[in-house]
Structure formats: structure tokens, C-alpha cells
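Colleague: Below: one structure in C-alpha cells.
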2 protein chains.
Amino acid sequence: MKISVAQLNYHIGNFARNKELILSAIKKAKSEGAELIIFSELCIPGYPPLDLLDRLDFIEKCNQTVKEIAAECIGIAAIVGCPTVNKNPEGKKLFNSALVLSEGNIIFTANKALLPTYDIFDEYRYFEPERQFSVFSFKGLKLAITICEDLWDEQPFDNEFEKARLYTVSPMEELAKQNPDILINISASPFSYTKIEAKESIFRLKATKYKIPVISVNQTGANTELIFDGASLIINSKGEIYDQLPFFEEAVNTYSFDKIISDNIVNKATRPEIVQLIHKALITGIRDYFSKTGLKSCIIGLSGGIDSAICLCLATEALGNENVRALLMPSRYSSDHSVNDAVTLAETLDVKYDIVNIEKAFCAFENVLSPLFTGKKADVTEENIQARVRAVLLMAVSNKYGNILLNTSNKSEAAVGYGTLYGDMAGGLSVIGDVYKTDIYRLAKYINRNSEIIPENIIKKLPSAELRPGQLDSDSLPDYSVLDAILYQYIELQKPASRIIKEGSDRETVLKVIRMIDFNEYKRYQAPPVLRISSKAFGAGRRMPLVARY
Amino acid sequence: MKISVAQLNYHIGNFARNKELILSAIKKAKSEGAELIIFSELCIPGYPPLDLLDRLDFIEKCNQTVKEIAAECIGIAAIVGCPTVNKNPEGKKLFNSALVLSEGNIIFTANKALLPTYDIFDEYRYFEPERQFSVFSFKGLKLAITICEDLWDEQPFDNEFEKARLYTVSPMEELAKQNPDILINISASPFSYTKIEAKESIFRLKATKYKIPVISVNQTGANTELIFDGASLIINSKGEIYDQLPFFEEAVNTYSFDKIISDNIVNKATRPEIVQLIHKALITGIRDYFSKTGLKSCIIGLSGGIDSAICLCLATEALGNENVRALLMPSRYSSDHSVNDAVTLAETLDVKYDIVNIEKAFCAFENVLSPLFTGKKADVTEENIQARVRAVLLMAVSNKYGNILLNTSNKSEAAVGYGTLYGDMAGGLSVIGDVYKTDIYRLAKYINRNSEIIPENIIKKLPSAELRPGQLDSDSLPDYSVLDAILYQYIELQKPASRIIKEGSDRETVLKVIRMIDFNEYKRYQAPPVLRISSKAFGAGRRMPLVARY
């Protein structure tokens, strides 16, 4: 039997588009002789639909789309992911289901049992967990159909306080009793640069344990902050990777079940480098934010520093130079090289740019505020006014021309609150808000891998906000290498301060950094959505109380 | 036996404060001859601790605090709410527990079985549900100890698509088999003006069904956006309200179990009017945001309109007039009466105010942007610049003097995106972001119940943003009474557009309003936390995808 794997880029709630994608994949699969095609989790509505799942009309549209697709499954069966109504009088109103469609009908339903409800996942908010399991017999093969987390009954967590066994049920243990011939897993698993190997090994271990091949089908593309890497896996019964679909790209591939079973394969798949994946993830994130909202063009405030430079490069690659606009907004504290470096970059990328000096607007504020500030010294207030004047200018161009403002704050800054609310924290989408400063430099090196796109001067200069004379980031913050190491332990690994200190970091520095992180929750609460590349990004996956003391 | 009920205002993560509150209540209870005192759900860490529950050191502090309190429970037992570690190798790492403390020990533990995971609740994110139930025998009485949602196995939802029976277990059905003498429910149940009766009837029905008294203990006070109304209930076995603790106030009351059982009571409790409760809720929300963050003073942009007027009144009552500062920022489009009315209000409330005309700063922006805007007509860009200039001024005073900016947008505006991001949408806390415009007028009437605090002129004038000549809200929006009715059906009741139209609203208006709501998710994503008074506020309880099409 030939089986097709469809790794596609769905748009939440855009049923017409999702249907079209699915039907054209079915057509391709049939042309390649497949009898079964597998799509990813909740592909009908797109993932994650969030609280749209609370709307009855949304679920009715899901049902209608499934019917229309089933009618096209002639001579081929399709496994699609879709919410279905829980008909029991008790429990959550929906199941997260895998439906097998064939000849106009739903011929089998498997519901998700393990509902991830941590980090960015909220599945128990919507779905009832399944408690019964059965394999599906199809053309002489017994299929164990599972949905994403169903295979993650054992998983490594970055936070050591979490249990490896988060659930009291193991769907695959139950299904194994019915001797399946193949394990199918439909998923919607977002990219995290630390989870690539963990993901592979989950699937490989299941193949080895149950001695059957595993086909895991992920979606690709981005929906707001979540970026799905695709990288769907076909694993043979020895636990070897038989094939892997591309990272961050759509693909519909067809495989012979007999060959997966019998062929000896050499694992040809060479995994791209991490920095390359992060680069592609961020470009995917920008591209899909714009394409899925129907927006075309962006604007970026270009300071002459490395963060905005990286964002300009990423945006240009994602949207095309003709859709990117830069605004240079020097102040009395800007160094000449800042403007020159920014101009060089904009010209190298062939991006339209304007230079607007903020002095006049800044002075106007100083002037009207002077009666209120009599006898007060200049402090962070004046620094923030500069940052906010820039935001007003950027948003004015954004409003006038429809260019969406991209935010250029990095994760290290966002963590310690080194940024101005309604100033440089503004924007529709945060491009690098999940990238630590030390990784920003890695990205710069990668972007310059073939030629100097980002001027070396931008990469080499000492980081500065240029909001007062001679200001350097290092005046207020530890070295970024020290800072980022602490941040990673506190944010991603969720280690207590005492443990971070014990393991070798300087006590005063750790306590200071953690105080800054905790104190600045209120700023991050109002930050734009952040493209997520790590296992713990700021935003929906990290929910901290604002008025707590801890 | 005498039983005390302690309705207190906890601070998340502030273990020293929470312990002190609890110990002083224990002292009072003992002095009143109580043998048992009941505190509310998760009172040790404060509710909701959110992702602090992911931190091992946080849980260790909870344990330590419990030990210290247990040591003080001499001659009295205390029921406290606390997270406890799930020692099973499988499942979530914590339970949401009720612990009975006595003579230095934990003598009984009941874990929560029904974990609300909808709206603002995320309990399955942290907790394993309990599956076994037993009553606790104490001094000859069998206590059925339950935790909040445990009694909500049947509940009415505003969204008709939800099931009334959200869970497949009924803890009280299980406990009833062991013939308890009294039902105790410790809760952390936030205020919603539509849920007051529903809450009471849940408890009254349980009392009637199992023919035993019910003591329900809620917390009071606010933690960021969630405001807890207290209003703890003592219900006799006939389902009558024997006593109710005050709304939004701390109280420690002691009751004789025999009297609850035997006394015929006339229900004296007259429930305050809804508008009075909303008023008190918002004041509590402001007061606790400041007191718990250690902040003292606020600043409000006073426009001469009703929204900022209401916020100024609420802030003054919450923080004292000496801690409130107002900024009047007229523009070329401001009417004389706007400034006069604002001045009158500030003077009536004896609040310090300054007048800063935004003309100069606005002109500076027009000026520097003119080369970029050549040939472009004035549009919403220029309106937004005015709103953003005001935000820069407010934040400058905020930064210079440490006054926190209170946001004055109402729910109707926030719903349809009638506001400027980084402009009038700025602020540390949204005071009335969950209050519809039509309810704003009710609040104004209530505030003026004894004397004219808010000038009648402010209440009577037609709503206007005053961002262009002669502008009125009604130019862009339906009448607020029409708008609010549609918003309520779509947001709170989650009715599909087709249903709202079918039930009598104008088709074009409904579709237009819903388009505006959906389109503006991106703005609300960056809004400040909103004091929640309804069953569906913007913020953490409403999670919509930003790039969806639906």
C-alpha cells in the first residue's frame, strides 16, 4: 500500500483555503497511487484555533468542510484532524479528533487522549480526553491512529520539577494490545530549537518499542507567534529515520508501506544547523503573519544597532525589499556611525528609508513639560520620551501608508525590561523577542555567511540605546554572555535562584537579574506577540501574576 | 461546635503577609471559642499564583508556611488551601489541596477533583485531579471538604454551547455516600456581576439536595485583574442563607454549628444593587493593584468626557485625593466645555491637575513628518498622533513622579477598537475596560447619588473623541445602547452572528460590529490588564487567534 504524507500550512478559520490545500494534496496523492493520505492535527480549522472552539458556528463550519472533503475521497482514504462534538451528556463539549474519510463518509474516529495543558498549550480548555482506544483496519493493515501528545506519555521537560510521565494513561500501550501494523501520529507541534532531537527520539523510541513503523505528520507555517517546523517523520520499525519532510516548507510525499518495512536505509537526512533553522523559522513567522492577515508591507525603526539590522534582513527576506521600509530617527545622542551604518544596511538591502530627526519633537515635549518638571533633574523620563517620540513617528508612517511596525526588541532586553513601553517596545509583531542577544550575533554571522550584508561595524560596536551621552548597555546590565546564561536558567529551565548560584553564577548578579525579570512582568504584559523559537517564550506560554511578591 | 469563617485578602507569593493574616484570624477565632476555622482556596500562596506554581522553590515556601501555621493551631484546627506535591510517579506535579492543620500537623488532606480550565481558569495546567473522596471526622462531625469547582459539577454557562455537566465526576455524590454532617467549600471565586445569584444557588441546591448545611469560604480583594467579592455563605440544611459575609471586605465570623442546624432564620441579607457592587469591585481593584505592588499614586488623563471622569472618581475613592493627579491635554479640537468640565471635576474631588496643551508637540510631529506625507490627506494618522502625544505626556509625568497611569478606555470602545494603541489605550491598569458604555452612565448616576460630583454636563454631552472638528462617536459607531446589546451577545454569550440577527438585531449593524470586534484583536493583545467584573472580560480569559479569518 502507498501512503501519502501531507505537510501543509493551514490558516486558522480559513476553511476555504484549508480545504483547497487538502483537496489538492489528495489529488497529488491519488496521482501517485496512494490509497491513504495523512494530514496533520486540527488541519480543518488550522492550529491553534483557541477560543474560536467555543463558538458553535465555528464547529459547524468544521463539520461542513469535513463533509465536503469526504465527498472528494474517492478511491483514497484521508486522515484529517478536526474538532468533533462530544455527544456524551457529561464532559467538555469537544474532542480533538482524527477522522478517516472515505467515499463520502467518516469511516473511523480516533480522539486525542493526552491533552497538553502547559506552556502555550491549553487543550483541556476545550477538549474531553478519550479513554478508549482501538486500532483501525484498513486494506489489511491495522493502523494505530494517535494525535500528537498521545505519544508523549513520557517526555523530557526543561523544568526538572515536571514529571516525565505527565499522564496516567498511555494510549499507545493500550493500542499495542491490538497488534497494530503501523503507528500514525498527526500533530501540530511548534518549533523549538531545543526540542528537535527530543521530538525525533520520542517517535524513534515508539517504533523500536512496538517494532512497527511510525509516520508522524506535522503542519508547517506560522500562526501569529507559533511557528511549525513541519519536519514530518517516516520511521521504520527499527527506529531509523526512513525519510524526513523539509523544515518549514509544505510537502506532499508518497511512500510504499512495504518499502518502509523492508528497505535498509542509510539515514541520509542531514539536519540543518540550529542557527539556520532559527533563521528560517523567523522568516516563516514574518511571512505568514503578513500573508495570513492580508498585509503586505512593514516598517522598521533602524537605529544602527544589531537588533534592528537583523530584523531588517529577516523582513526583507520574508516580504521582499519592496515591502520593507526603514525609518532612521537620530537624536542629539546618536553617533554619526549609527546613521551611516543604518544607511549602508538599507542601501545594501535596497530598502526605502527616510531620516527624521527627533530633536524638534523631543524639544516640544521638554518645552511643554518644563513647568511641570521645575527643579527636577533629567532622568529616565527624558530617555523614555525619546523612545516614545520614535514610536509616534513609526506608527504615523504605519497609519499613513499601512506598513505594519515590526518590533525589534530581543529576548535579553525584554527579560530585564531594558526597553520603553509604548516606545521601542511597540510594534505589531516582535521578530526577535525570543532570541537572546548572544544568539543575535550568531544570526548576524549566519546572515553574513556569503557576503557582508550587515556592516561589520554594526556587529562589532558595543551595544547602546543611545538615549544619553556615551550610554552603553553594559552600564546597566551584566555582559550579555553572563546575562543570557542566567536568563536561560531562570526562564527556560525555571531553576530557583539558589540553584543558579550554587551552579556557579555570581550571587549578586543572579539576584539582580532575577529582580529585573520579575519586576518587569508588567511591561511584557503589553508587548506585541513574540515569534516563538524556544521552549519558553514570553507571551501566552508564560503566565506570571503582575502584583505578586516572590 | 463553633466554626469560624475567615474571608481574607491574600497577596500572591507574599507568604509573610498571608501567614500574618491567617494567624491573626486564628487568634480571633480562638478568642471566640471556635474549634475550627476555615480559610479559602490556595490561601497560602494567594490566588491565582499562575506559573509560579511551576517553581519548586515557590512550592517549598508554601510547605514551609503551612508548617509554621500548623504549629500555631493549638486548641483549634484550621482548614487552609495550598498546593501540595503529587507523589504518584504519574500525572501533574501538584494537587490543589485543602489541608486540615492541628497541633503542628497536617491531619487531613482533600484534593480538588474538578479543575476549572476555561475563561480565566487554567487549573489543569498545574494540578492533577483527585479521583478518591473521603469525609473527615472531626469532633464527632463528619466534614465533606471540597474545593471551589468541586461543587460546580452542574453549572449554568453563558455560552449555550457549553455543557451544564462539564465533568464526568461529582465529588459531592461520592462524599454523600459517607453521610457527612456538613459540607465545606473553600473557594477563590472572582466577582462577576452576572453570576451572583448563580453562585448562591449552586450552594443552596447542594444544601437542599444533601440536607446538610454548607459553609462556603471565598477570598476577597483583588490580584491584578481578578477581583474577589468574598460574600462567603453559611447556608442551613434547608438551603436558606443563614448568613453571608460582606462583599469585598475582610471578615472573620464565628458560628455555632448547632445554631445553623436548629435556628429558624429569616433571610436578612439584602444583596446590594449591581451597580453598587460594580462600583465597589472597581475600587477594590484599583486599591489592591496599588497596595500590592507597593505603589501609591496614579495619574489620569482627564478629557472632559464621562470615561475619564468615572475613573478619576474611582481612583480618588480608592487611593485618596492626595494620591491622584490629573492631566488635561486640550488640542485645537477640544471644546471649551471639555476643559471647564474637567477642571470642575478635579476641583470638586480636590485632585491636583495640570493643563498642558498638545498643540506644540502635535505641530512638531506634523512638521517633521511633512516631507514623508507630501500629497497625502489628513486621516486617522493625525488623530492617532494626538492620542499618542497625550500618552507621551502622561507617561512622562508617570516616569518623573512615579504616578502609575490609569487607563480609561471602556469595554465598548475596546471591543470595536475605537482607541489608539500607545495612545489612549496606554496605562498600567485598565479601570473600566470591562464596563460597557451604557453601564458607565449607571456608574455616573450612582457616583452622583448624593450630590453632583461628576458635572451633569459631562454626563449629558454626546460622546466624542475630539480628534477632529465636530467629531462624535456616533459618526463611526451605532448608538451605544444598540452597540452594547450586540457586544454582550457576541462576547459574553458567544452567540453566532446569525443568531443575534435572528433574535432581532439589524443585520448590517451586527455584521459591522462583529467585523470590528474580530479585526481589533491585535489592539487588545497589547492592552493593559483589565479589572474584570463580567463573565467574559478582555484579557487572559478570552484567547483569540490574531491571524485567523472567521
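For the C-alpha cells, the naming scheme is as follows: chains receive sequential letters (A, B, ...) according to their order of presentation, residues are indexed from 1 within each chain, and ligands are indexed from 1 in presentation order.
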What are the DSSP strand (DSSP E) residues of segment 89-147 of chain B, as a PyMOL selection string?

Modeller: chain B and resi 94-102+105-111+136-138+141-147

Colleague: Within 9 Å of segment 243-247 of chain B, counting only C-alpha atoms, which residues show up once you throw out same-chain ones fewer than 3 positions away? Write them as a list in words, please.

Modeller: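 Result of the neighbour search: Val5, Gln7, Thr220, Phe228, Asp229, Gly230, Ala231, Ser232, Leu233, Ile234, Ile235, Glu240, Glu250, Ala251, Val252, Asn253, Asn267, Lys268, Ala269, Pro272, Leu277, Lys280 and Ala281 of chain B.
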
Colleague: Kindly determine which residues of chain A lie within 7 Å of chain B, considering only C-alpha atoms, and give the answer as a ChimeraX atom specification.

Modeller: /A:11-14,49-52,55-57,89-93,117-118,124-125,161-163,165-168,223-224,289,292-293,356,360-361,364-365,368,381,385,388,392,396,399-400,422,494,496,526-528,542-550

Colleague: Quick one: pull the distance between atom CA of Asp475 of chain A and atom CA of Glu492 of chain A, Å, one decimal.

Modeller: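 Atom-to-atom, atom CA of Asp475 of chain A to atom CA of Glu492 of chain A, that is 25.7 Å.
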
Colleague: Tell me, as a PyMOL selection string, which residues lie within 10 Å of Lys177 of chain B, counting only C-alpha atoms; anything in the same chain fewer than 5 positions away does not count.

Modeller: chain B and resi 133-135+172

Colleague: Show which residues sit within 10 Å of Ile306 of chain A, as a compact mmCIF listing (two decimals) with C-alpha atoms, in the first residue's frame. Count only C-alpha atoms, and ignore same-chain residues fewer than 4 positions away.

Modeller:
```txt
# COMPACT_ATOMS: atom_id res chain seq x y z
CA LEU A 302 16.60 51.38 12.13
CA ILE A 310 18.82 41.68 11.92
CA CYS A 311 15.10 42.45 11.77
CA LEU A 312 15.53 44.41 8.57
CA ALA A 342 21.97 52.13 9.13
CA THR A 408 13.00 44.80 17.18
CA LYS A 437 21.35 38.78 22.43
CA ILE A 440 21.51 37.64 17.71
CA TYR A 441 25.24 37.67 16.99
CA ALA A 444 24.26 38.09 12.14
CA ILE A 454 25.14 43.61 7.87
CA PRO A 455 28.08 46.05 8.13
CA GLU A 456 30.81 44.61 10.37
CA ASN A 457 30.72 47.90 12.25
CA ILE A 458 27.16 47.17 13.41
CA ILE A 459 28.22 43.75 14.65
CA LYS A 460 31.36 44.98 16.38
CA LYS A 461 30.16 48.12 18.16
CA LEU A 462 29.31 47.96 21.84
CA PRO A 463 25.53 47.73 22.36
CA SER A 464 23.96 51.08 23.29
```

Colleague: Which residue gives the smallest distance to Ile120 of chain A among A:Gly140, A:Pro190, A:Gly104, A:Gly304, with only C-alpha atoms counted?

Modeller: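 Nearest to Ile120 of chain A: A:Pro190.
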
Colleague: Quick one: residues within 10 Å of segment 261-263 of chain B, only C-alpha atoms counted, chain neighbours fewer than 6 positions away excluded, as a PyMOL selection string?

Modeller: chain B and resi 181-182+212-213+235-238+242

Colleague: Among segment 19-72 of chain B, which residues does DSSP mark as helix (DSSP H, G or I) when it is run on the backbone? Keep the chain and numbering as in the structure and answer as a PDB file with C-alpha atoms, in the first residue's frame.

Modeller:
```pdb
ATOM      1  CA  LYS B  19       0.727  33.937  57.231  1.00  0.00           C
ATOM      2  CA  GLU B  20       0.224  37.000  59.381  1.00  0.00           C
ATOM      3  CA  LEU B  21      -3.355  37.393  58.137  1.00  0.00           C
ATOM      4  CA  ILE B  22      -4.084  33.738  58.803  1.00  0.00           C
ATOM      5  CA  LEU B  23      -2.520  33.713  62.262  1.00  0.00           C
ATOM      6  CA  SER B  24      -4.392  36.768  63.399  1.00  0.00           C
ATOM      7  CA  ALA B  25      -7.662  35.224  62.197  1.00  0.00           C
ATOM      8  CA  ILE B  26      -6.827  32.053  64.114  1.00  0.00           C
ATOM      9  CA  LYS B  27      -6.243  34.162  67.217  1.00  0.00           C
ATOM     10  CA  LYS B  28      -9.602  35.882  66.827  1.00  0.00           C
ATOM     11  CA  ALA B  29     -11.363  32.560  66.199  1.00  0.00           C
ATOM     12  CA  LYS B  30      -9.856  31.085  69.333  1.00  0.00           C
ATOM     13  CA  SER B  31     -10.907  34.092  71.345  1.00  0.00           C
ATOM     14  CA  LEU B  50      -0.309  31.108  37.817  1.00  0.00           C
ATOM     15  CA  ASP B  51       3.087  29.861  36.612  1.00  0.00           C
ATOM     16  CA  LEU B  52       4.720  30.487  39.959  1.00  0.00           C
ATOM     17  CA  LEU B  53       3.332  27.008  40.592  1.00  0.00           C
ATOM     18  CA  ASP B  54       5.942  25.709  38.150  1.00  0.00           C
ATOM     19  CA  LEU B  56       9.919  24.237  43.047  1.00  0.00           C
ATOM     20  CA  ASP B  57      11.153  26.962  45.397  1.00  0.00           C
ATOM     21  CA  PHE B  58       7.684  28.524  45.398  1.00  0.00           C
ATOM     22  CA  ILE B  59       6.124  25.219  46.442  1.00  0.00           C
ATOM     23  CA  GLU B  60       8.750  24.773  49.127  1.00  0.00           C
ATOM     24  CA  LYS B  61       7.811  28.178  50.541  1.00  0.00           C
ATOM     25  CA  CYS B  62       4.176  27.069  50.589  1.00  0.00           C
ATOM     26  CA  ASN B  63       5.113  23.964  52.561  1.00  0.00           C
ATOM     27  CA  GLN B  64       7.215  25.929  54.984  1.00  0.00           C
ATOM     28  CA  THR B  65       4.401  28.411  55.610  1.00  0.00           C
ATOM     29  CA  VAL B  66       1.931  25.589  56.227  1.00  0.00           C
ATOM     30  CA  LYS B  67       4.293  24.108  58.807  1.00  0.00           C
ATOM     31  CA  GLU B  68       4.611  27.420  60.577  1.00  0.00           C
ATOM     32  CA  ILE B  69       0.850  27.908  60.658  1.00  0.00           C
ATOM     33  CA  ALA B  70       0.216  24.331  61.806  1.00  0.00           C
ATOM     34  CA  ALA B  71       2.499  24.974  64.755  1.00  0.00           C
ATOM     35  CA  GLU B  72       0.155  27.766  65.839  1.00  0.00           C
TER      36      GLU B  72
END
```

Colleague: Given only C-alpha atoms as the basis, pick out the residue of A:Ile491, A:Ala318, A:Leu295, A:Leu101 nearest to Asn403 of chain A.

Modeller: A:Leu295
